[in-house]
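One file, input.txt, carrying compact mmCIF, C-alpha atoms:
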```
# COMPACT_ATOMS: atom_id res chain seq x y z
CA MET P 1 4.25 2.13 -11.66
CA PRO P 2 7.22 4.36 -10.75
CA SER P 3 10.54 3.70 -12.44
CA ASP P 4 13.60 2.23 -10.74
CA ASP P 5 15.81 4.65 -12.68
CA PRO P 6 15.93 8.20 -11.26
CA ILE P 7 16.98 9.57 -14.67
CA LEU P 8 14.06 7.92 -16.43
CA ALA P 9 11.78 8.94 -13.57
CA SER P 10 12.76 12.58 -14.00
CA ARG P 11 11.75 12.44 -17.68
CA ALA P 12 8.56 10.45 -17.21
CA ASP P 13 5.63 12.84 -17.53
CA GLY P 14 6.54 16.24 -16.14
CA PRO P 15 6.07 17.58 -12.61
CA ALA P 16 3.42 16.04 -10.41
CA VAL P 17 1.54 18.73 -8.50
CA VAL P 18 1.02 18.02 -4.82
CA HIS P 19 -2.61 17.83 -3.71
CA GLU P 20 -3.97 17.33 -0.23
CA PRO P 21 -6.74 14.74 0.19
CA GLY P 22 -9.99 16.61 -0.25
CA GLY P 23 -8.16 19.80 -1.19
CA GLY P 24 -6.12 21.29 -3.98
CA GLU P 25 -6.61 24.37 -6.09
CA PRO P 26 -10.10 24.95 -7.57
CA ASP P 27 -8.87 23.96 -11.04
CA GLU P 28 -7.14 20.80 -9.81
CA PRO P 29 -8.85 17.41 -9.34
CA ARG P 30 -9.55 16.11 -5.84
CA TYR P 31 -8.35 12.66 -6.88
CA ARG P 32 -4.96 11.75 -8.25
CA PRO P 33 -4.58 9.56 -11.35
CA ILE P 34 -4.25 5.91 -10.38
CA GLU P 35 -0.89 5.75 -12.16
CA SER P 36 0.47 8.39 -9.76
CA TYR P 37 0.47 5.85 -6.91
CA GLY P 38 3.26 3.52 -5.88
CA LEU P 39 2.62 0.19 -4.14
CA ILE P 40 4.26 -1.12 -0.97
CA GLY P 41 3.42 -4.28 0.93
CA ASP P 42 4.48 -7.07 3.26
CA LEU P 43 2.94 -10.14 1.53
CA ARG P 44 -0.13 -9.93 3.75
CA THR P 45 -1.49 -6.54 2.79
CA ALA P 46 -0.47 -3.47 0.82
CA ALA P 47 -0.74 0.32 0.68
CA LEU P 48 -0.95 2.93 -2.07
CA VAL P 49 1.39 5.93 -1.72
CA GLY P 50 0.74 8.98 -3.89
CA ARG P 51 3.34 11.25 -5.42
CA ASP P 52 2.16 13.88 -2.96
CA GLY P 53 3.35 11.70 -0.07
CA SER P 54 -0.15 10.62 0.95
CA ILE P 55 -1.06 7.02 1.76
CA ASP P 56 -4.62 6.85 0.44
CA TRP P 57 -5.32 3.10 0.69
CA PHE P 58 -4.37 0.63 3.39
CA CYS P 59 -6.10 -2.33 5.04
CA PRO P 60 -4.27 -3.53 8.17
CA ARG P 61 -3.20 -7.16 8.60
CA ARG P 62 -4.66 -8.61 5.38
CA PHE P 63 -5.74 -7.48 1.93
CA ASP P 64 -9.49 -7.92 2.52
CA ALA P 65 -9.65 -6.37 5.99
CA PRO P 66 -11.67 -3.16 6.51
CA SER P 67 -9.66 -0.15 5.38
CA LEU P 68 -7.83 2.25 7.66
CA PHE P 69 -7.02 4.70 4.85
CA ALA P 70 -9.37 5.00 1.88
CA ALA P 71 -9.00 8.55 0.56
CA VAL P 72 -8.75 7.02 -2.91
CA LEU P 73 -12.45 6.19 -2.53
CA ASP P 74 -13.49 9.34 -0.67
CA ALA P 75 -11.13 12.29 -0.53
CA ASP P 76 -12.94 13.87 2.43
CA ILE P 77 -13.70 11.08 4.90
CA GLY P 78 -11.81 8.01 3.65
CA GLY P 79 -8.69 8.68 5.72
CA SER P 80 -5.06 9.25 4.74
CA PHE P 81 -1.51 9.58 6.08
CA ARG P 82 0.42 12.37 4.40
CA ILE P 83 4.01 13.56 4.76
CA ALA P 84 5.10 16.30 2.36
CA PRO P 85 6.73 19.72 2.19
CA ALA P 86 4.54 22.44 3.69
CA ILE P 87 4.81 24.40 0.43
CA PRO P 88 3.36 22.46 -2.58
CA CYS P 89 6.06 21.43 -5.04
CA SER P 90 6.76 18.98 -7.84
CA SER P 91 7.58 15.38 -6.99
CA LYS P 92 8.65 12.09 -8.53
CA GLN P 93 8.56 8.47 -7.41
CA LEU P 94 11.00 5.63 -7.94
CA TYR P 95 11.77 2.33 -6.30
CA LEU P 96 15.04 1.46 -4.66
CA PRO P 97 16.38 -0.89 -7.37
CA ASP P 98 15.28 -4.53 -7.10
CA THR P 99 13.03 -3.86 -4.09
CA ALA P 100 9.52 -2.81 -3.08
CA ILE P 101 10.93 0.15 -1.15
CA LEU P 102 9.39 3.32 -2.55
CA LEU P 103 11.07 6.74 -2.70
CA THR P 104 9.03 9.91 -3.20
CA ARG P 105 11.34 12.78 -4.11
CA PHE P 106 10.16 16.36 -3.57
CA PHE P 107 11.69 19.33 -5.37
CA SER P 108 10.94 22.20 -3.01
CA PRO P 109 11.95 25.81 -3.79
CA THR P 110 14.29 25.59 -0.78
CA GLY P 111 15.68 22.08 -1.19
CA VAL P 112 15.29 18.46 -2.27
CA ALA P 113 13.79 15.89 0.08
CA GLU P 114 12.82 12.22 0.01
CA VAL P 115 10.19 10.17 1.82
CA THR P 116 11.08 6.48 1.94
CA ASP P 117 8.13 4.12 2.40
CA PHE P 118 8.15 0.38 3.03
CA MET P 119 6.47 -2.42 4.95
CA PRO P 120 8.77 -4.90 6.74
CA VAL P 121 8.20 -8.45 5.51
CA GLY P 122 7.44 -11.02 8.20
CA LEU P 123 6.51 -8.53 10.92
CA ASP P 124 3.27 -9.67 12.53
CA PRO P 125 0.78 -8.16 12.19
CA CYS P 126 2.10 -5.31 10.01
CA ALA P 127 3.70 -1.88 10.03
CA ILE P 128 4.18 1.02 7.66
CA VAL P 129 7.59 2.66 8.05
CA ARG P 130 8.17 6.16 6.65
CA ARG P 131 11.53 7.93 6.73
CA VAL P 132 12.01 11.58 5.75
CA ASP P 133 15.41 12.89 4.61
CA VAL P 134 16.66 16.15 3.12
CA VAL P 135 19.38 15.66 0.54
CA ARG P 136 19.91 19.30 -0.39
CA GLY P 137 19.01 22.66 1.15
CA SER P 138 16.35 23.00 3.82
CA VAL P 139 12.70 21.86 3.71
CA GLU P 140 9.78 22.40 6.07
CA PHE P 141 7.41 19.43 6.29
CA ARG P 142 3.89 18.83 7.44
CA MET P 143 2.66 15.42 8.59
CA GLU P 144 -1.02 14.61 9.04
CA CYS P 145 -2.40 11.17 9.86
CA THR P 146 -6.20 10.81 9.87
CA PRO P 147 -7.49 7.22 9.93
CA GLY P 148 -10.91 6.23 8.63
CA PHE P 149 -11.57 2.99 10.49
CA ASP P 150 -13.78 0.35 8.86
CA TYR P 151 -14.14 2.06 5.47
CA ALA P 152 -14.79 5.35 7.34
CA ARG P 153 -17.83 3.86 9.07
CA ALA P 154 -16.35 3.98 12.60
CA SER P 155 -15.45 7.20 14.39
CA HIS P 156 -12.33 7.43 16.52
CA ARG P 157 -10.47 9.57 19.02
CA VAL P 158 -6.78 10.37 19.06
CA THR P 159 -4.58 10.97 22.09
CA VAL P 160 -0.90 11.86 22.52
CA ASP P 161 -0.03 10.85 26.09
CA ASN P 162 3.59 10.20 25.15
CA PRO P 163 4.64 13.21 23.01
CA ARG P 164 6.08 10.90 20.34
CA ILE P 165 3.30 8.30 20.22
CA ALA P 166 -0.25 8.97 19.01
CA GLN P 167 -2.99 6.47 19.80
CA PHE P 168 -6.05 6.19 17.56
CA VAL P 169 -8.94 4.37 19.24
CA ALA P 170 -11.98 3.44 17.15
CA GLU P 171 -15.46 3.26 18.63
CA ASP P 172 -15.40 -0.55 18.30
CA GLY P 173 -12.19 -0.77 20.35
CA ARG P 174 -9.64 -1.25 17.57
CA THR P 175 -6.48 0.75 18.14
CA THR P 176 -3.67 1.97 15.93
CA GLU P 177 -0.43 3.61 17.03
CA LEU P 178 1.74 6.16 15.28
CA ALA P 179 5.28 6.37 16.68
CA ALA P 180 7.67 9.12 15.57
CA SER P 181 11.12 10.52 16.18
CA ILE P 182 9.61 13.99 16.78
CA ASP P 183 6.84 15.34 18.99
CA LEU P 184 3.27 14.94 17.74
CA SER P 185 0.14 16.98 18.34
CA THR P 186 -3.56 16.50 17.62
CA ASP P 187 -6.01 18.41 15.45
CA GLY P 188 -9.50 16.97 15.73
CA PRO P 189 -9.31 13.35 14.53
CA ALA P 190 -5.76 13.77 13.18
CA ALA P 191 -2.24 13.42 14.56
CA CYS P 192 -0.04 16.20 13.19
CA ALA P 193 3.51 17.53 13.13
CA ARG P 194 5.41 20.38 11.47
CA PHE P 195 9.16 20.23 11.28
CA ARG P 196 12.08 21.62 9.31
CA LEU P 197 15.07 19.55 8.22
CA GLU P 198 18.44 20.68 6.93
CA GLN P 199 20.63 18.80 4.49
CA GLY P 200 21.68 15.46 5.97
CA GLN P 201 18.96 15.41 8.64
CA GLY P 202 16.11 12.89 8.81
CA GLU P 203 13.10 11.82 10.87
CA TRP P 204 10.92 8.69 10.90
CA PHE P 205 7.31 7.62 11.51
CA VAL P 206 5.92 4.09 12.06
CA LEU P 207 2.24 3.15 11.96
CA GLN P 208 1.10 -0.19 13.39
CA PRO P 209 -1.71 -1.74 15.46
CA SER P 210 -1.27 -0.78 19.10
CA GLY P 211 0.52 -3.20 21.36
CA CYS P 212 1.87 -5.22 18.41
CA GLY P 213 5.46 -5.63 17.35
CA PRO P 214 8.57 -3.87 18.64
CA ARG P 215 8.96 -0.39 20.01
CA TRP P 216 10.64 1.62 17.32
CA GLY P 217 13.75 3.78 17.38
CA GLY P 218 16.20 5.15 14.85
CA GLU P 219 18.37 2.02 14.83
CA ALA P 220 15.33 -0.25 14.49
CA VAL P 221 14.08 1.74 11.51
CA GLN P 222 17.48 1.57 9.82
CA HIS P 223 17.81 -2.15 10.52
CA SER P 224 14.30 -2.80 9.20
CA LEU P 225 15.04 -0.84 6.03
CA ALA P 226 18.19 -2.89 5.41
CA ALA P 227 16.40 -6.17 6.15
CA THR P 228 13.55 -5.27 3.79
CA ARG P 229 16.02 -4.33 1.06
CA ASP P 230 17.92 -7.60 1.53
CA PHE P 231 14.70 -9.63 1.47
CA TRP P 232 13.55 -8.28 -1.88
CA ARG P 233 16.96 -8.50 -3.51
CA GLY P 234 17.44 -12.02 -2.18
CA TRP P 235 14.04 -13.07 -3.49
CA LEU P 236 14.64 -11.51 -6.89
CA SER P 237 17.97 -13.30 -7.21
CA ASN P 238 15.98 -16.52 -7.78
CA SER P 239 14.82 -15.24 -11.15
CA ASN P 240 16.16 -17.07 -14.18
CA TYR P 241 15.14 -14.37 -16.67
CA ASP P 242 18.06 -12.65 -18.39
CA GLY P 243 16.47 -11.15 -21.49
CA ARG P 244 16.51 -7.62 -22.83
CA TRP P 245 13.47 -6.57 -20.76
CA ARG P 246 15.03 -7.68 -17.48
CA GLU P 247 14.29 -4.49 -15.51
CA MET P 248 10.61 -4.41 -16.50
CA VAL P 249 10.13 -8.14 -16.01
CA GLN P 250 11.65 -7.99 -12.54
CA ARG P 251 9.54 -4.98 -11.58
CA SER P 252 6.45 -6.88 -12.74
CA ALA P 253 7.52 -9.92 -10.72
CA ILE P 254 7.84 -7.80 -7.58
CA THR P 255 4.35 -6.39 -8.17
CA LEU P 256 2.91 -9.90 -8.55
CA LYS P 257 4.72 -10.97 -5.40
CA LEU P 258 3.17 -8.00 -3.55
CA CYS P 259 -0.24 -9.44 -4.50
CA THR P 260 0.42 -12.80 -2.84
CA TYR P 261 -0.89 -13.64 0.61
CA ALA P 262 2.03 -15.41 2.27
CA PRO P 263 0.10 -17.31 4.99
CA THR P 264 -1.89 -19.35 2.43
CA GLY P 265 -0.29 -18.87 -1.00
CA ALA P 266 -3.40 -17.23 -2.46
CA MET P 267 -2.98 -14.44 -4.99
CA VAL P 268 -5.31 -11.45 -5.09
CA ALA P 269 -6.36 -9.97 -8.42
CA ALA P 270 -5.56 -6.53 -6.99
CA PRO P 271 -4.88 -5.11 -3.51
CA THR P 272 -7.70 -2.54 -3.88
CA CYS P 273 -11.46 -2.45 -4.10
CA SER P 274 -14.05 -0.42 -6.01
CA LEU P 275 -11.71 1.42 -8.37
CA PRO P 276 -13.88 1.86 -11.48
CA GLU P 277 -13.49 0.15 -14.83
CA GLY P 278 -14.61 3.50 -16.24
CA VAL P 279 -14.59 6.76 -14.26
CA GLY P 280 -18.13 7.68 -13.25
CA GLY P 281 -19.45 4.22 -14.03
CA ALA P 282 -20.98 1.56 -11.80
CA ARG P 283 -18.61 -1.34 -12.56
CA ASN P 284 -16.66 -0.89 -9.35
CA TRP P 285 -15.67 -4.28 -7.99
CA ASP P 286 -13.69 -5.59 -5.04
CA TYR P 287 -10.64 -7.44 -6.38
CA ARG P 288 -8.99 -8.39 -3.08
CA TYR P 289 -9.77 -12.05 -3.69
CA ALA P 290 -8.26 -15.02 -5.51
CA TRP P 291 -9.78 -15.81 -8.90
CA LEU P 292 -8.64 -19.26 -9.97
CA ARG P 293 -8.08 -18.26 -13.60
CA ASP P 294 -6.07 -15.14 -12.78
CA SER P 295 -4.10 -16.93 -10.09
CA ALA P 296 -3.24 -19.76 -12.46
CA PHE P 297 -1.77 -17.29 -14.96
CA THR P 298 0.22 -15.65 -12.16
CA ALA P 299 1.50 -19.02 -10.91
CA PHE P 300 2.54 -19.89 -14.48
CA ALA P 301 4.43 -16.58 -14.76
CA PHE P 302 6.21 -17.26 -11.45
CA GLN P 303 7.18 -20.74 -12.62
CA ARG P 304 8.52 -19.49 -15.94
CA LEU P 305 10.66 -16.92 -14.11
CA GLY P 306 12.10 -19.45 -11.68
CA PHE P 307 9.97 -18.59 -8.63
CA TYR P 308 8.89 -22.18 -8.08
CA GLU P 309 8.03 -21.77 -4.39
CA GLU P 310 5.25 -19.26 -5.16
CA ALA P 311 3.77 -21.53 -7.82
CA GLN P 312 3.87 -24.54 -5.48
CA HIS P 313 2.37 -22.59 -2.61
CA PHE P 314 -0.60 -21.62 -4.79
CA ALA P 315 -0.97 -25.22 -5.98
CA ASN P 316 -1.18 -26.34 -2.34
CA TRP P 317 -3.84 -23.72 -1.65
CA LEU P 318 -5.81 -24.88 -4.69
CA GLU P 319 -5.54 -28.51 -3.58
CA GLU P 320 -7.15 -27.53 -0.27
CA ARG P 321 -10.05 -25.94 -2.15
CA CYS P 322 -10.51 -29.16 -4.12
CA ARG P 323 -10.57 -31.23 -0.93
CA GLU P 324 -13.30 -28.99 0.50
CA THR P 325 -15.74 -29.53 -2.39
CA ASP P 326 -18.90 -31.56 -1.95
CA PRO P 327 -18.43 -35.01 -3.56
CA ASP P 328 -21.97 -34.74 -4.90
CA ASP P 329 -21.26 -31.30 -6.39
CA PRO P 330 -17.49 -31.12 -6.95
CA GLU P 331 -17.38 -27.86 -8.88
CA LEU P 332 -15.01 -25.18 -7.64
CA GLN P 333 -16.02 -21.57 -7.21
CA ILE P 334 -14.41 -19.13 -9.64
CA VAL P 335 -13.20 -16.95 -6.76
CA TYR P 336 -12.34 -17.43 -3.08
CA ALA P 337 -11.18 -15.36 -0.15
CA ILE P 338 -7.43 -15.41 0.49
CA ASP P 339 -7.93 -17.82 3.40
CA GLY P 340 -10.08 -20.10 1.23
CA GLY P 341 -13.37 -18.68 2.46
CA ARG P 342 -16.34 -19.21 0.15
CA ASP P 343 -18.70 -16.48 1.34
CA LEU P 344 -17.83 -13.20 -0.38
CA SER P 345 -21.15 -11.49 0.25
CA GLU P 346 -21.23 -8.21 -1.61
CA GLN P 347 -22.43 -4.95 -0.07
CA GLU P 348 -22.48 -1.31 -1.03
CA LEU P 349 -21.04 1.57 1.00
CA PRO P 350 -23.30 4.52 0.12
CA HIS P 351 -21.52 6.89 2.53
CA LEU P 352 -18.40 6.88 0.32
CA GLU P 353 -18.20 9.11 -2.73
CA GLY P 354 -16.17 6.69 -4.83
CA TYR P 355 -13.07 7.43 -6.89
CA ARG P 356 -13.85 10.65 -8.79
CA GLY P 357 -17.55 10.09 -8.05
CA SER P 358 -17.68 6.49 -9.30
CA ARG P 359 -20.53 4.89 -7.38
CA PRO P 360 -21.51 2.58 -5.84
CA VAL P 361 -18.50 1.66 -3.71
CA ARG P 362 -18.62 -2.10 -3.18
CA ILE P 363 -16.90 -4.54 -0.84
CA GLY P 364 -17.20 -8.28 -1.19
CA ASN P 365 -17.79 -9.82 -4.59
CA GLY P 366 -20.94 -11.46 -5.90
CA ALA P 367 -19.04 -13.34 -8.61
```
Do you think you could lay out the structure here as structure tokens?
Amino acid sequence: MPSDDPILASRADGPAVVHEPGGGEPDEPRYRPIESYGLIGDLRTAALVGRDGSIDWFCPRRFDAPSLFAAVLDADIGGSFRIAPAIPCSSKQLYLPDTAILLTRFFSPTGVAEVTDFMPVGLDPCAIVRRVDVVRGSVEFRMECTPGFDYARASHRVTVDNPRIAQFVAEDGRTTELAASIDLSTDGPAACARFRLEQGQGEWFVLQPSGCGPRWGGEAVQHSLAATRDFWRGWLSNSNYDGRWREMVQRSAITLKLCTYAPTGAMVAAPTCSLPEGVGGARNWDYRYAWLRDSAFTAFAFQRLGFYEEAQHFANWLEERCRETDPDDPELQIVYAIDGGRDLSEQELPHLEGYRGSRPVRIGNGA
């Protein structure tokens, strides 16, 4: 995970070369290392943001919903949402201290820029907010948003009737809206924009299901950023840990919190699916579910750190699972859906390449 400390982040592991999903130089990989992604979320779902400014994994509304962006599982057709300098450059990621607000800093030959990514907590159903700022010099950016509805199984069309709002309409009727502070255009299935910012200037983009939530503007984005920052810092203030590893323990606590499903108290093993245990292998499982053993360890960690509400919320969820068992066969399953569902039928998605060719891609879990 990225470091909170910009000094440590700058020393971490050298420059990170920017790659476009499905592109890059011939001698560069089409897939980024998993550790080059930062995680954002709203306690219902989460997204992976690469150091190149590309969101390559996102399932709207809830962790186990069909993906909208899945370039991490197929760099060509999975879908992604990228904002980055038009000229490839080195980049680093760090979190705003004590929050789940992610900063991706680009070191362009002409200036230094930042993309701030976060998901407002408590906004129903969900939204991804992205703010672009130039802190030194001048930087030209390119934005490209190409959804891949339903694990890239559903085609879509994109329209820009209002020059600053793009509508993506899937063949099954689902719609997603991209609002921006600048004019947008279309290029095939993608919404695009090119823009140049000088020092002190900024723009914003918000992705959310169409017709849901507020209409966005500059003040709303700024207010949402402040509210999200205050939420995470307020939550973290409940921690009773004050040892020498405080920064790392708190960052781990935030990551565990990002894997909780607030409506029920369930805890997913991971917010992703089908990332391989070994690259090129077939052990590619869907971990967007609640394993009782893993969740119990997480609840214990929360309790030890002083986050008693999370531990109690999971205990309530577990009690409901116990009440649902058959008196004649009272055994619990080892894993459940985040809403307590018992049917996790597993299926393969042969149309997806898999992370770095790791097939098959699976959703659901036969465990």
When you look at Tyr355 (chain P) with a cut-off of 9 Å (counting all atoms listed in the file), what residues show up, excluding the ones that are within fewer than 5 positions of it in the same chain? I need them as a PDB file with C-alpha atoms, keeping the file's coordinate frame.
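Output (around34.pdb):
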```pdb
ATOM      1  CA  TYR P  31      -8.350  12.660  -6.880  1.00  0.00           C
ATOM      2  CA  ALA P  71      -9.000   8.550   0.560  1.00  0.00           C
ATOM      3  CA  VAL P  72      -8.750   7.020  -2.910  1.00  0.00           C
ATOM      4  CA  LEU P  73     -12.450   6.190  -2.530  1.00  0.00           C
ATOM      5  CA  ASP P  74     -13.490   9.340  -0.670  1.00  0.00           C
ATOM      6  CA  ALA P  75     -11.130  12.290  -0.530  1.00  0.00           C
ATOM      7  CA  SER P 274     -14.050  -0.420  -6.010  1.00  0.00           C
ATOM      8  CA  LEU P 275     -11.710   1.420  -8.370  1.00  0.00           C
ATOM      9  CA  PRO P 276     -13.880   1.860 -11.480  1.00  0.00           C
ATOM     10  CA  VAL P 279     -14.590   6.760 -14.260  1.00  0.00           C
ATOM     11  CA  GLY P 280     -18.130   7.680 -13.250  1.00  0.00           C
ATOM     12  CA  VAL P 361     -18.500   1.660  -3.710  1.00  0.00           C
TER      13      VAL P 361
END
```
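When all atoms listed in the file are used to compute distances to Trp216 (chain P), the closest of the residues P:Arg164, P:Arg105, P:Arg136, P:Arg44 turns out to be P:Arg164.
Distance check against Arg131 (chain P) using all atoms listed in the file: of P:Asp42, P:Asp117, P:Asp56, P:Asp187, the minimum falls on P:Asp117.
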ask   = Gln201 (chain P): which residues within 9 Å, counting all atoms listed in the file, same-chain residues fewer than 6 positions away excluded, as a list in words?
value =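 Everything that qualifies: Val132, Asp133, Val134 and Val135 of chain P.
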ask   = Can you list, as a VMD selection string, every protein, DNA or RNA residue that comes within 12 Å of Pro85 (chain P) when you count all atoms listed in the file, leaving out same-chain residues fewer than 5 positions away?
value = chain P and resid 17 to 20 51 to 54 90 to 91 104 to 115 132 to 134 138 to 144 193 to 197
inquiry  = If we count all atoms listed in the file and set the cut-off at 10 Å, which residues sit around Ser239 (chain P), ignoring sequence neighbours fewer than 4 positions away in its own chain? Please answer as an MDAnalysis selection string.
reply    = chainID P and resid 234:235 246 249:250 253 302:308
request  = Would you work out the distance separating CA of Gly200 (chain P) from CA of Thr116 (chain P), expressed in Å to one decimal?
outcome  =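 Interatomic distance here is 14.5 Å.
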key: Spatial sel., origin (-1.0, -13.2, -12.1), limit 9 Å, all atoms listed in the file, listed as a PyMOL selection string   = chain P and resi 256+259+267-269+293-302
request  = Kindly indicate which residue among P:Ala270, P:Ala166, P:Ala315, P:Ala179 lies nearest to Leu258 (chain P), using all atoms listed in the file for the distances.
outcome  = P:Ala270
inquiry  = Neighbouring residues of Trp204 (chain P) were defined as those with any atom within 8 Å, considering all atoms listed in the file; residues of the same chain fewer than 4 positions away were excluded. Please report them as a PyMOL selection string.
reply    = chain P and resi 129-132+180-181+218+221
task = Quote the spacing between CA of Ile77 (chain P) and CA of Gln167 (chain P) in Å to one decimal place.
result =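 Interatomic distance, CA of Ile77 (chain P) to CA of Gln167 (chain P): 18.9 Å.
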ask   = Hey, can you check how far CA of Ile34 (chain P) sits from CA of Ala70 (chain P)?
value =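 Taking CA of Ile34 (chain P) and CA of Ala70 (chain P), their separation equals 13.3 Å.
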inquiry  = Between P:Ser67, P:Thr228, P:Thr260, P:Asn365, which residue has the minimum interatomic distance to Tyr287 (chain P), considering only C-alpha atoms?
reply    = P:Asn365
